[in-house]
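So this block is structure-v9.cif, mmCIF, C-alpha atoms:
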```
data_coords
#
loop_
_atom_site.label_atom_id
_atom_site.label_comp_id
_atom_site.auth_asym_id
_atom_site.auth_seq_id
_atom_site.Cartn_x
_atom_site.Cartn_y
_atom_site.Cartn_z
CA MET A 133 -30.74 21.57 2.98
CA THR A 134 -34.34 20.72 3.92
CA LYS A 135 -35.29 18.64 6.91
CA GLU A 136 -36.42 15.70 4.77
CA THR A 137 -33.10 15.17 3.02
CA LYS A 138 -30.93 13.10 5.28
CA LYS A 139 -27.65 14.79 6.07
CA ILE A 140 -24.77 12.79 4.66
CA THR A 141 -22.24 12.23 7.41
CA ASP A 142 -18.59 11.20 7.22
CA TYR A 143 -19.63 7.97 8.87
CA ASP A 144 -22.14 7.06 6.12
CA VAL A 145 -19.57 7.79 3.44
CA GLU A 146 -16.97 5.65 5.19
CA GLN A 147 -19.41 2.75 5.38
CA LEU A 148 -19.98 3.05 1.64
CA ILE A 149 -16.24 3.31 0.96
CA GLY A 150 -15.67 0.17 3.07
CA GLN A 151 -18.14 -1.73 0.89
CA VAL A 152 -16.53 -0.46 -2.32
CA LEU A 153 -13.08 -1.52 -1.12
CA ARG A 154 -14.31 -4.94 -0.08
CA TYR A 155 -15.99 -5.65 -3.42
CA GLY A 156 -13.03 -4.21 -5.34
CA VAL A 157 -10.59 -6.47 -3.52
CA LEU A 158 -12.85 -9.53 -3.90
CA LEU A 159 -13.32 -8.85 -7.60
CA SER A 160 -9.60 -8.34 -8.14
CA GLY A 161 -8.76 -11.54 -6.27
CA SER A 162 -11.35 -13.57 -8.21
CA VAL A 163 -10.15 -12.30 -11.59
CA ALA A 164 -6.53 -13.04 -10.59
CA ILE A 165 -7.47 -16.59 -9.50
CA ILE A 166 -9.29 -17.31 -12.77
CA GLY A 167 -6.41 -15.95 -14.86
CA GLY A 168 -3.85 -17.66 -12.63
CA ILE A 169 -5.37 -21.13 -12.86
CA TRP A 170 -5.61 -20.79 -16.62
CA TYR A 171 -2.02 -19.57 -16.77
CA LEU A 172 -0.77 -22.56 -14.74
CA PHE A 173 -2.82 -24.90 -16.91
CA GLN A 174 -1.12 -23.51 -20.01
CA GLN A 175 2.44 -22.91 -18.80
CA GLY A 176 2.76 -24.58 -15.38
CA SER A 177 5.49 -26.96 -16.50
CA ALA A 178 7.71 -24.29 -18.07
CA ILE A 179 10.75 -22.82 -16.28
CA PRO A 180 10.44 -19.27 -14.86
CA HIS A 181 13.17 -16.79 -15.77
CA TYR A 182 12.85 -13.86 -13.42
CA SER A 183 16.52 -13.43 -12.54
CA ASN A 184 17.02 -11.24 -15.61
CA PHE A 185 14.90 -8.15 -15.90
CA SER A 186 13.56 -7.63 -19.39
CA GLY A 187 10.44 -5.62 -18.61
CA GLU A 188 7.04 -6.90 -19.56
CA PRO A 189 6.02 -6.73 -23.22
CA ALA A 190 3.54 -4.02 -24.19
CA GLY A 191 0.65 -6.46 -23.95
CA TYR A 192 0.57 -6.34 -20.14
CA THR A 193 1.54 -2.75 -19.55
CA SER A 194 -1.16 -0.70 -21.26
CA PHE A 195 -4.94 -0.67 -21.14
CA THR A 196 -5.24 -1.31 -24.88
CA GLY A 197 -2.72 -4.17 -24.64
CA ILE A 198 -4.61 -5.79 -21.76
CA TYR A 199 -7.93 -5.28 -23.56
CA LYS A 200 -6.64 -6.96 -26.74
CA GLY A 201 -5.24 -9.86 -24.72
CA LEU A 202 -8.58 -10.29 -22.94
CA LEU A 203 -10.41 -10.53 -26.26
CA ALA A 204 -7.93 -13.21 -27.29
CA GLY A 205 -8.58 -15.02 -23.97
CA SER A 206 -4.94 -14.82 -22.90
CA ALA A 207 -4.34 -15.91 -19.29
CA LYS A 208 -1.65 -13.34 -18.45
CA GLU A 209 -3.85 -10.43 -19.51
CA ILE A 210 -6.68 -11.74 -17.32
CA ILE A 211 -4.28 -11.61 -14.34
CA GLN A 212 -3.20 -8.09 -15.32
CA LEU A 213 -6.88 -7.07 -15.36
CA GLY A 214 -7.04 -8.25 -11.74
CA VAL A 215 -3.95 -6.12 -10.99
CA VAL A 216 -5.55 -3.08 -12.65
CA ILE A 217 -8.75 -3.55 -10.61
CA LEU A 218 -6.64 -3.76 -7.44
CA ILE A 219 -4.72 -0.57 -8.30
CA ALA A 220 -8.05 1.12 -9.03
CA THR A 221 -9.53 0.45 -5.55
CA PRO A 222 -7.63 3.20 -3.68
CA ILE A 223 -8.18 5.61 -6.58
CA ILE A 224 -11.93 4.95 -6.48
CA ARG A 225 -11.76 5.61 -2.76
CA ILE A 226 -10.33 9.07 -3.49
CA ILE A 227 -13.16 9.77 -5.94
CA PHE A 228 -15.76 8.79 -3.32
CA SER A 229 -14.12 11.10 -0.79
CA LEU A 230 -14.18 13.89 -3.38
CA ILE A 231 -17.92 13.43 -3.91
CA SER A 232 -18.57 13.44 -0.17
CA PHE A 233 -16.54 16.64 0.35
CA ILE A 234 -18.50 18.32 -2.47
CA LEU A 235 -21.80 17.23 -0.89
CA GLU A 236 -20.65 18.51 2.50
CA LYS A 237 -19.77 21.82 0.78
CA ASP A 238 -16.26 21.61 2.24
CA ARG A 239 -14.44 23.73 -0.32
CA LEU A 240 -10.96 23.38 1.25
CA TYR A 241 -11.06 19.58 1.18
CA THR A 242 -12.66 19.45 -2.24
CA ILE A 243 -9.57 21.28 -3.50
CA ILE A 244 -7.14 19.13 -1.48
CA THR A 245 -8.75 15.93 -2.80
CA LEU A 246 -8.64 17.29 -6.36
CA ILE A 247 -4.90 17.95 -5.98
CA VAL A 248 -4.31 14.34 -4.87
CA LEU A 249 -6.39 13.06 -7.78
CA CYS A 250 -4.48 15.26 -10.24
CA ILE A 251 -1.12 13.94 -8.98
CA ILE A 252 -2.30 10.35 -9.55
CA LEU A 253 -3.66 11.21 -13.01
CA PHE A 254 -0.35 12.90 -13.86
CA SER A 255 1.44 9.75 -12.74
CA MET A 256 -0.83 7.70 -15.03
CA PHE A 257 -0.75 9.83 -18.16
CA GLY A 258 2.36 11.95 -17.63
CA GLY A 259 4.56 9.67 -19.72
CA LEU A 260 6.73 8.71 -16.74
CA ALA A 261 7.13 5.11 -17.88
CA VAL A 262 10.20 5.94 -20.03
CA MET B 174 11.97 -25.43 -10.63
CA THR B 175 8.87 -25.20 -12.82
CA ILE B 176 6.38 -22.34 -12.87
CA LEU B 177 3.93 -24.53 -10.92
CA THR B 178 6.31 -25.11 -7.98
CA PHE B 179 7.43 -21.46 -8.12
CA THR B 180 3.78 -20.37 -7.90
CA ILE B 181 2.92 -22.68 -5.00
CA ILE B 182 5.95 -21.67 -2.89
CA LEU B 183 5.35 -17.98 -3.68
CA LEU B 184 1.67 -18.36 -2.73
CA LEU B 185 2.67 -19.77 0.67
CA GLY B 186 5.33 -17.09 1.13
CA ALA B 187 2.89 -14.32 0.21
CA TYR B 188 0.33 -15.76 2.63
CA LEU B 189 2.87 -15.63 5.47
CA ALA B 190 3.94 -12.13 4.38
CA GLY B 191 0.32 -10.94 4.49
CA LEU B 192 -0.20 -12.61 7.88
CA ALA B 193 2.99 -11.17 9.43
CA GLY B 194 2.35 -7.79 7.81
CA SER B 195 -1.14 -7.47 9.22
CA LEU B 196 -0.23 -8.75 12.71
CA THR B 197 2.71 -6.37 13.10
CA GLY B 198 1.29 -3.48 11.09
CA LEU B 199 4.24 -3.42 8.68
CA GLY B 200 2.21 -4.33 5.61
CA GLY B 201 2.78 -7.11 3.08
CA GLY B 202 5.38 -5.38 0.89
CA VAL B 203 8.37 -5.49 3.22
CA VAL B 204 8.49 -9.29 3.31
CA ILE B 205 7.77 -9.80 -0.39
CA ILE B 206 10.96 -8.07 -1.64
CA PRO B 207 13.49 -10.15 0.37
CA LEU B 208 11.47 -13.31 -0.29
CA LEU B 209 11.63 -12.78 -4.05
CA THR B 210 15.19 -11.48 -4.31
CA LEU B 211 17.09 -13.50 -1.67
CA PHE B 212 15.13 -16.74 -1.90
CA PHE B 213 13.91 -16.90 -5.52
CA HIS B 214 16.72 -14.76 -7.03
CA VAL B 215 14.12 -12.70 -8.85
CA ASP B 216 15.37 -9.37 -10.23
CA ILE B 217 14.69 -6.61 -7.66
CA ARG B 218 12.65 -4.64 -10.21
CA TYR B 219 10.07 -7.42 -10.51
CA ALA B 220 10.16 -7.67 -6.70
CA ILE B 221 9.37 -3.94 -6.38
CA GLY B 222 6.40 -4.35 -8.74
CA ALA B 223 5.15 -7.29 -6.67
CA ALA B 224 5.63 -5.37 -3.39
CA LEU B 225 3.50 -2.48 -4.68
CA VAL B 226 0.72 -4.90 -5.55
CA ALA B 227 1.08 -6.48 -2.08
CA SER B 228 0.95 -3.05 -0.37
CA ILE B 229 -2.29 -2.14 -2.14
CA ALA B 230 -3.80 -5.56 -1.40
CA THR B 231 -2.99 -5.27 2.33
CA SER B 232 -4.22 -1.69 2.50
CA SER B 233 -7.52 -2.15 0.68
CA GLY B 234 -8.07 -5.57 2.22
CA SER B 235 -7.76 -4.41 5.83
CA ALA B 236 -9.23 -0.93 5.26
CA SER B 237 -12.67 -2.42 4.70
CA ALA B 238 -12.46 -3.84 8.22
CA TYR B 239 -10.95 -0.68 9.79
CA VAL B 240 -13.46 1.72 8.22
CA LYS B 241 -16.28 0.05 10.14
CA GLU B 242 -14.76 1.19 13.42
CA GLY B 243 -14.89 4.79 12.19
CA ILE B 244 -11.52 5.95 13.51
CA THR B 245 -9.72 6.81 10.25
CA ASN B 246 -9.19 10.58 9.99
CA ILE B 247 -10.05 11.03 6.31
CA ARG B 248 -9.20 14.76 6.26
CA LEU B 249 -5.79 14.21 7.85
CA GLY B 250 -5.11 11.32 5.46
CA MET B 251 -6.18 13.30 2.41
CA PHE B 252 -4.14 16.37 3.37
CA LEU B 253 -1.00 14.26 3.90
CA GLU B 254 -1.61 12.36 0.67
CA ILE B 255 -0.64 15.48 -1.23
CA ALA B 256 2.84 14.90 0.24
CA THR B 257 2.94 11.11 -0.16
CA THR B 258 1.57 10.92 -3.72
CA ALA B 259 3.82 13.77 -4.95
CA GLY B 260 6.74 12.00 -3.21
CA ALA B 261 5.78 8.66 -4.76
CA VAL B 262 5.79 10.12 -8.27
CA LEU B 263 9.18 11.69 -7.57
CA GLY B 264 10.45 8.37 -6.20
CA ALA B 265 9.29 6.53 -9.33
CA ILE B 266 11.20 9.06 -11.46
CA LEU B 267 14.33 8.76 -9.24
CA ALA B 268 14.16 4.97 -9.59
CA ILE B 269 15.27 5.25 -13.23
CA TYR B 270 18.54 6.88 -12.15
CA THR B 271 19.19 4.75 -9.06
CA PRO B 272 21.41 1.65 -9.46
CA VAL B 273 19.63 -1.53 -8.26
CA ASN B 274 22.32 -2.28 -5.67
CA LEU B 275 21.75 1.11 -4.08
CA VAL B 276 18.00 0.41 -4.07
CA ALA B 277 18.71 -2.83 -2.17
CA ILE B 278 20.88 -1.00 0.40
CA ILE B 279 18.28 1.75 0.97
CA PHE B 280 15.66 -0.98 1.30
CA GLY B 281 17.75 -2.74 3.97
CA VAL B 282 18.20 0.45 5.99
CA MET B 283 14.47 1.18 5.73
CA LEU B 284 13.72 -2.37 6.90
CA ILE B 285 15.85 -1.99 10.06
CA PHE B 286 14.14 1.31 10.79
CA SER B 287 10.71 -0.33 10.32
CA ALA B 288 11.69 -3.17 12.67
CA ALA B 289 12.72 -0.66 15.34
CA MET B 290 9.50 1.30 14.87
CA THR B 291 7.28 -1.73 15.55
CA LEU B 292 8.82 -1.97 19.05
CA ARG B 293 8.35 1.70 19.94
CA LYS B 294 6.13 2.94 22.74
CA LYS B 295 2.78 3.93 21.35
CA ASN B 296 1.38 7.42 21.61
CA GLU B 297 -1.78 6.91 23.69
CA GLY B 298 -2.42 10.44 24.87
CA ALA B 299 -4.50 13.01 23.06
CA LEU B 300 -3.48 16.68 22.95
CA ARG B 301 -6.05 19.15 24.25
CA GLU B 302 -4.67 22.14 22.40
CA GLY B 303 -3.55 22.02 18.76
CA SER B 304 -1.51 24.40 16.63
CA LYS B 305 -3.15 27.17 14.61
CA LEU B 306 -2.72 25.29 11.34
CA SER B 307 -4.49 22.22 12.72
CA TYR B 308 -7.65 24.30 13.17
CA GLN B 309 -7.35 26.03 9.80
CA LEU B 310 -6.96 22.70 8.03
CA LYS B 311 -9.69 21.04 10.15
CA LEU B 312 -7.32 18.19 11.06
CA ASN B 313 -8.45 17.70 14.66
CA GLY B 314 -10.90 14.92 15.32
CA SER B 315 -12.26 12.36 17.75
CA TYR B 316 -12.59 8.61 17.97
CA PRO B 317 -14.78 6.18 19.93
CA ALA B 318 -13.07 4.35 22.81
CA LYS B 319 -14.19 2.21 25.76
CA GLU B 320 -14.30 5.25 28.04
CA GLY B 321 -16.29 7.32 25.57
CA VAL B 322 -15.49 9.59 22.64
CA VAL B 323 -11.89 10.88 22.79
CA ALA B 324 -11.21 14.23 21.13
CA TYR B 325 -7.68 14.95 19.96
CA LYS B 326 -5.80 17.95 18.58
CA LEU B 327 -2.64 18.02 16.47
CA LYS B 328 0.55 20.05 16.18
CA ASN B 329 3.76 20.21 14.06
CA ILE B 330 1.76 19.95 10.85
CA GLY B 331 4.68 21.20 8.73
CA ALA B 332 7.10 18.63 10.14
CA GLY B 333 4.58 15.84 9.63
CA PHE B 334 3.99 16.94 6.04
CA SER B 335 7.76 16.96 5.36
CA ILE B 336 8.31 13.45 6.78
CA MET B 337 5.37 12.28 4.67
CA THR B 338 7.08 13.58 1.53
CA VAL B 339 10.14 11.46 2.39
CA ALA B 340 7.84 8.49 3.09
CA GLY B 341 6.30 8.99 -0.36
CA ILE B 342 9.67 9.17 -2.14
CA LEU B 343 10.86 5.94 -0.46
CA SER B 344 7.54 4.30 -1.25
CA GLY B 345 7.89 5.24 -4.93
CA LEU B 346 11.52 4.13 -5.03
CA LEU B 347 11.21 0.84 -3.14
CA GLY B 348 7.62 -0.19 -3.77
CA ILE B 349 6.82 -0.49 -0.08
CA GLY B 350 4.08 1.28 1.86
CA SER B 351 6.55 3.09 4.20
CA GLY B 352 4.03 2.52 6.99
CA ALA B 353 6.75 3.00 9.63
CA LEU B 354 7.64 6.52 8.40
CA LYS B 355 3.98 7.42 8.11
CA VAL B 356 3.38 6.42 11.71
CA LEU B 357 6.52 8.35 12.76
CA ALA B 358 5.19 11.50 11.09
CA MET B 359 1.77 11.16 12.67
CA ASP B 360 2.58 9.75 16.15
CA THR B 361 5.86 11.41 16.97
CA ALA B 362 5.60 14.72 15.14
CA MET B 363 1.89 15.49 14.92
CA LYS B 364 0.83 13.66 18.15
CA VAL B 365 -1.96 11.66 16.53
CA PRO B 366 -3.20 8.93 18.95
CA PHE B 367 -1.97 5.55 17.65
CA ARG B 368 -5.41 4.08 17.06
CA VAL B 369 -6.08 6.89 14.61
CA SER B 370 -2.58 6.94 13.08
CA THR B 371 -2.50 3.18 12.38
CA THR B 372 -5.76 3.18 10.44
CA THR B 373 -5.11 6.51 8.73
CA SER B 374 -1.64 5.30 7.69
CA ASN B 375 -3.20 2.13 6.29
CA PHE B 376 -5.65 4.23 4.26
CA MET B 377 -2.76 6.29 2.90
CA VAL B 378 -0.54 3.31 2.01
CA GLY B 379 -2.98 2.12 -0.67
CA VAL B 380 -3.28 5.55 -2.29
CA THR B 381 0.49 6.18 -2.18
CA ALA B 382 1.27 2.75 -3.64
CA ALA B 383 -1.34 3.27 -6.38
CA ALA B 384 0.33 6.56 -7.38
CA SER B 385 3.60 4.79 -8.22
CA ALA B 386 2.04 1.45 -9.27
CA VAL B 387 0.49 3.10 -12.34
CA VAL B 388 4.01 4.10 -13.43
CA TYR B 389 5.59 0.72 -12.67
CA LEU B 390 2.80 -1.13 -14.45
CA GLN B 391 3.59 0.82 -17.63
CA ARG B 392 7.31 0.25 -17.09
CA GLY B 393 6.80 -3.50 -17.09
CA TYR B 394 7.78 -4.15 -13.45
CA ILE B 395 4.54 -5.97 -12.67
CA ASP B 396 4.71 -9.53 -13.99
CA PRO B 397 1.42 -11.46 -14.10
CA GLY B 398 3.11 -14.74 -13.11
CA ILE B 399 4.42 -13.14 -9.90
CA ALA B 400 1.46 -10.83 -9.29
CA PHE B 401 -1.28 -13.44 -9.07
CA PRO B 402 0.16 -15.64 -6.29
CA VAL B 403 1.17 -12.43 -4.45
CA ILE B 404 -2.33 -10.88 -4.61
CA ILE B 405 -4.10 -14.06 -3.53
CA GLY B 406 -1.55 -15.00 -0.87
CA VAL B 407 -1.31 -11.55 0.71
CA LEU B 408 -5.09 -11.06 0.74
CA GLY B 409 -5.56 -14.47 2.40
CA GLY B 410 -2.84 -13.75 4.94
CA ALA B 411 -4.15 -10.28 5.76
CA PHE B 412 -7.63 -11.74 6.23
CA THR B 413 -6.38 -14.43 8.64
CA GLY B 414 -4.27 -11.79 10.40
CA SER B 415 -7.22 -9.47 11.01
CA LYS B 416 -9.16 -12.39 12.56
CA LEU B 417 -6.20 -13.49 14.72
CA LEU B 418 -5.41 -9.94 15.85
CA MET B 419 -8.43 -9.93 18.19
CA LYS B 420 -7.39 -13.17 19.88
CA ILE B 421 -3.64 -13.19 20.40
CA ASP B 422 -1.09 -10.98 22.10
CA VAL B 423 1.23 -9.73 19.38
CA LYS B 424 3.94 -8.33 21.68
CA LYS B 425 6.27 -11.36 21.53
CA LEU B 426 5.47 -11.90 17.88
CA LYS B 427 6.54 -8.34 17.08
CA LEU B 428 9.87 -8.85 18.84
CA ILE B 429 10.61 -12.11 16.96
CA PHE B 430 9.52 -10.52 13.69
CA SER B 431 11.68 -7.44 14.26
CA ILE B 432 14.77 -9.58 14.86
CA ALA B 433 14.05 -11.67 11.75
CA ILE B 434 13.49 -8.53 9.68
CA THR B 435 16.78 -7.03 10.90
CA MET B 436 18.71 -10.18 9.85
CA ILE B 437 17.08 -10.09 6.42
CA ALA B 438 17.87 -6.37 6.15
CA LEU B 439 21.57 -6.94 6.92
CA ASN B 440 21.60 -9.65 4.27
CA MET B 441 20.09 -7.23 1.72
CA ILE B 442 22.62 -4.51 2.60
CA TYR B 443 25.54 -7.00 2.42
CA ASN B 444 24.42 -8.27 -0.99
CA GLY B 445 23.84 -4.72 -2.18
CA LEU B 446 27.35 -3.65 -1.16
CA ASN B 447 28.78 -6.66 -2.99
CA HIS B 448 26.80 -5.84 -6.14
CA LYS B 449 24.85 -9.06 -6.10
CA PHE B 450 21.60 -7.57 -7.45
#
```

Represent the structure from my file as structure tokens, please.
Amino acid sequence: MTKETKKITDYDVEQLIGQVLRYGVLLSGSVAIIGGIWYLFQQGSAIPHYSNFSGEPAGYTSFTGIYKGLLAGSAKEIIQLGVVILIATPIIRIIFSLISFILEKDRLYTIITLIVLCIILFSMFGGLAV
Amino acid sequence: MTILTFTIILLLGAYLAGLAGSLTGLGGGVVIIPLLTLFFHVDIRYAIGAALVASIATSSGSASAYVKEGITNIRLGMFLEIATTAGAVLGAILAIYTPVNLVAIIFGVMLIFSAAMTLRKKNEGALREGSKLSYQLKLNGSYPAKEGVVAYKLKNIGAGFSIMTVAGILSGLLGIGSGALKVLAMDTAMKVPFRVSTTTSNFMVGVTAAASAVVYLQRGYIDPGIAFPVIIGVLGGAFTGSKLLMKIDVKKLKLIFSIAITMIALNMIYNGLNHKF
């Protein structure tokens, strides 16, 4: 590392991560509000039926389902997009930490962070939904 | 009750849950499950989905404020996340085979434990000498305090890692952040000073909850009609809580909250034993 390149410290990375989390949460909240108001506008006078668990239909439980619903302008899928953004914020935080450990040339923690990321990816794509 | 009234009451409830969760450090999830199941008679599976969303919202929402202070030990958090995320995935798998009434009973027991943990004496001291593993894993750190930078060292890394695995399993099974167990692992076993353990635990709650939330989302536990008032309410409550935290003394509040939580927990256990879920 030359003298001109500023050394990236843990502190700098944490500041950046803080910003990412803040915007992620704000974005998720805004999307959920938009979808929610629309949802109430459409179905606010109906009766909720949450005492029996039926599981959500495929439309809200997969990326392709949510994407299709968004194209159709469906309120529930807009809310689910907000949920997906919210779930993504801690995962993005892991990715940022991974990048910072690589830049710091900390091999041990690059591996540890990769393990955590792999567990989450396995959880996502491992077919655990059953 | 129409969806509109349901949404408005849930929004208020989630706001109070976020507020109480951030003031006491328990997180938003623990209040959401009893609120939905006992008060709204919502199926506990939808409640678990909502609690996961609430846990992530509280974690990410308050983390952006905590990170500024620069006391989160990212390495410690990341190392322990191997245990919590693996546990969370295991918990989400176990959930398929666990009867809902048993889930309610375990939740009640966990709630009483969490209530007791909020009243514990905090670990203020910092160890001067850590165990061998703490050096090898670069887990020791320092944080800024009024009297200057405080350096701390850790021990019992193995025990801490094991408790974290249990915390992860419970988090995956119940949808809560298991903040109380995380703090137990860090404060009591590893001797992390509480200012560091609180923020590091908060950082970990979001990641742990995300690991099981991706499974529950695909399983259809996360309902949009419940999720949106929960996200907005909890975020609003956590925001108010972080502002209030600087101004008020939370000691009495914690005591009242712990008693209330214990009553709710007994109610959950009673209903679980009588197969009311």

When you get a sec, could you note down which chain A residues fall within 8 Å of chain B, using all atoms listed in the file, as a VMD selection string? chain A and resid 143 146 to 147 149 to 151 153 to 154 157 161 164 to 165 168 171 to 172 175 to 180 182 to 185 187 to 190 192 to 194 208 to 209 211 to 212 215 218 to 223 226 240 to 241 244 to 245 247 to 248 251 to 252 255 to 256 260 to 262

Nearest to Gly352 (chain B) by atom-to-atom distance, counting only C-alpha atoms, from B:Leu211, B:Ala411, B:Ala288, B:Ile429: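 Once distances to Gly352 (chain B) are computed over only C-alpha atoms, the minimum belongs to B:Ala288.
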
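Here CA of Thr242 (chain A) and CA of Gly250 (chain B) stand 13.5 Å from one another.
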
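For the atom pair formed by CA of Leu439 (chain B) and CA of Leu284 (chain B), the distance is 9.1 Å, given to one decimal.
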
What separation in Å, quoted to one decimal, exists between CA of Ile437 (chain B) and CA of Thr338 (chain B)?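 A separation of 26.2 Å between them.
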
Around the point (3.7, 9.4, 12.8), in the coordinates given by the file, pick out the residues reaching within 10 Å, counting all atoms listed in the file, and return them as a count of residues only. 23

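Applied to the shown file, the PyMOL selection byres ((chain B and resi 329) around 9) selects the residues Gly303, Ser304, Leu306, Ser307, Leu327, Lys328, Ile330, Gly331, Ala332, Gly333, Phe334, Ala362, Met363 and Lys364 of chain B.
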
Give, as AutoDock Vina command-line options, the centre coordinates and the x, y and z edge lengths in Å to one decimal for an axis-aligned box around all listed atoms of region 358-364 of chain B, padded by 5 Å on each side.
```
--center_x 3.3 --center_y 12.6 --center_z 14.6 --size_x 15.0 --size_y 15.7 --size_z 17.1
```

May I have the protein, DNA and RNA residues with any atom at most 8 Å from the point (22.8, -4.0, -3.6), counting only C-alpha atoms, written as a list in words?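 Looking at atoms near the point gives Val273, Asn274, Leu275, Val276, Ala277, Ile278, Met441, Ile442, Tyr443, Asn444, Gly445, Leu446, Asn447, His448, Lys449 and Phe450 of chain B.
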
Return the single residue from B:Ile206, B:Ile285, B:Ile181, B:Val369 that is closest to Met436 (chain B), with distances computed using all atoms listed in the file. B:Ile285

Would you mind telling me which residue in A:Leu148, A:Ala207, A:Leu230, A:Ile217 lies nearest to Phe173 (chain A) when using only C-alpha atoms?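 That would be A:Ala207, the residue with the smallest distance to Phe173 (chain A).
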